[in-house]
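Worksheet: one structure, shown below.
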Amino acid sequence: MTPARGRWRWSILTVVTAGLGLTACTGEKASEANEARRKADAQQRLFITGTEETRGQDDGVPAEKPVFTHLTVRARGDTTELVREQDGTWKLTAPVSARAEAAVVETLLGTLASSSFSATVKEAPTDADLEAYGLKPPLFTVTARAFVPDAQGQGAQDPARQRTVTLHCGKENTYDGSVYVRRDAEPAVHAAAGTVRWALDRDTFALRAKDLLPPWTSVR
């Protein structure tokens, strides 16, 4: 093999090796970007469990969905307590004892589990801002308790798997119909779709089953 041909083959090998290295580097950066995006998206969910940040569709393993067990809905002058029964149905425990309206509760739970904030309105709002957004005090709040199930669907009694989130909701944004929301004690004010307000802003009457039930039994 002549020296010229040897140099030519060496140059090709160098270019190919460099190309493979660049492809690997680009793929690694893309993977890191996807992971960062997934973590950011997880933090925008109304109800965060902490598992969304470490598990997801990228590695073929779906994130665990929370199993809700308790709800406290403060809306329209009522404070309504609900619990999930052993058979999966829901029951009001305060201010009355009654079966829950299944469709209304399922819509509320589905909204908590799947909805995300559409935008962050203000990271550090002032008291005046909170009043303008209808968040001082909030117009309605929902506190949800859930557990993150293990591979067998268990974990209801495991303290490490318990999650509680409180959403403080304010006025409707008349521009796009969204609602202002704060999560737990976080200072930031977010916007959520108007469907979130529609699903969560429910009084006792809306949450109670109405199909041929006897009169309410007050809980003292």
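By order in the structure tokens, chains are A, B, ...; within a chain, residues start at 1; ligands start at 1, following the order shown.
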Nearby residues (only C-alpha atoms) at most 6 Å from region 127-141 of chain A, same-chain spacing under 5 positions excluded, as a ChimeraX atom specification
/A:74-75,167-171
Restricted to N, CA, C and O atoms, what would the selected residues look like written as a PDB file, in the first residue's frame?
```
ATOM      1  N   ARG A  74     -63.687  22.821  49.971  1.00  0.00           N
ATOM      2  CA  ARG A  74     -64.251  24.037  50.577  1.00  0.00           C
ATOM      3  C   ARG A  74     -64.663  24.963  49.439  1.00  0.00           C
ATOM      4  O   ARG A  74     -63.814  25.573  48.787  1.00  0.00           O
ATOM      5  N   ALA A  75     -65.967  25.039  49.195  1.00  0.00           N
ATOM      6  CA  ALA A  75     -66.455  25.803  48.053  1.00  0.00           C
ATOM      7  C   ALA A  75     -67.883  26.259  48.291  1.00  0.00           C
ATOM      8  O   ALA A  75     -68.676  25.533  48.901  1.00  0.00           O
ATOM      9  N   LEU A 167     -54.941  22.621  46.830  1.00  0.00           N
ATOM     10  CA  LEU A 167     -55.007  23.616  45.768  1.00  0.00           C
ATOM     11  C   LEU A 167     -55.894  24.761  46.213  1.00  0.00           C
ATOM     12  O   LEU A 167     -57.042  24.553  46.619  1.00  0.00           O
ATOM     13  N   HIS A 168     -55.349  25.959  46.172  1.00  0.00           N
ATOM     14  CA  HIS A 168     -56.082  27.178  46.512  1.00  0.00           C
ATOM     15  C   HIS A 168     -56.445  27.876  45.202  1.00  0.00           C
ATOM     16  O   HIS A 168     -55.554  28.243  44.427  1.00  0.00           O
ATOM     17  N   CYS A 169     -57.723  28.062  44.967  1.00  0.00           N
ATOM     18  CA  CYS A 169     -58.173  28.570  43.669  1.00  0.00           C
ATOM     19  C   CYS A 169     -58.850  29.920  43.803  1.00  0.00           C
ATOM     20  O   CYS A 169     -59.557  30.178  44.789  1.00  0.00           O
ATOM     21  N   GLY A 170     -58.636  30.750  42.819  1.00  0.00           N
ATOM     22  CA  GLY A 170     -59.159  32.111  42.873  1.00  0.00           C
ATOM     23  C   GLY A 170     -60.113  32.432  41.739  1.00  0.00           C
ATOM     24  O   GLY A 170     -60.924  31.605  41.323  1.00  0.00           O
ATOM     25  N   LYS A 171     -59.966  33.631  41.218  1.00  0.00           N
ATOM     26  CA  LYS A 171     -60.891  34.135  40.218  1.00  0.00           C
ATOM     27  C   LYS A 171     -60.637  33.529  38.843  1.00  0.00           C
ATOM     28  O   LYS A 171     -59.591  32.959  38.564  1.00  0.00           O
TER      29      LYS A 171
END
```
Write out as a list of chain:residue names the residues lying within 10 Å of Glu123 (chain A), counting only C-alpha atoms and excluding same-chain residues fewer than 3 positions away.
A:Thr120, A:Thr126, A:Glu186, A:Pro187, A:Ala188, A:Val189, A:His190
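Of the residues listed (A:Arg76, A:Arg145, A:His70, A:Lys65), A:His70 shows the shortest atom-to-atom separation from Trp90 (chain A); distances use only C-alpha atoms.
Within the 12 Å cut-off around Asp78 (chain A), using only C-alpha atoms and omitting residues fewer than 5 positions from it on the same chain, the listed residues are Thr72, Val73, Ala94, Pro95, Val96, Leu139, Phe140, Thr141, Val142, Asp201, Arg202, Asp203, Thr204, Phe205, Ala206 and Leu207 of chain A.
Closest approach to Pro66 (chain A) from the set A:Thr51, A:Gln44, A:Ser118, A:Thr174 is made by A:Thr51, with distances taken over only C-alpha atoms.
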Contacts of region 152-156 of chain A within 12 Å, only C-alpha atoms, excl. fewer than 5 positions in-chain, as JSON, numbers by chain
{"A": [64, 65, 66, 67, 68, 69, 70, 84, 86, 145, 146, 147, 161, 162, 163]}
Looking only at the backbone, which of the residues in region 59-209 of chain A does DSSP tag as strand (DSSP E), as a PyMOL selection string?
chain A and resi 67-75+78-84+90-94+96-99+119-122+140-147+162-172+179-183+189-192
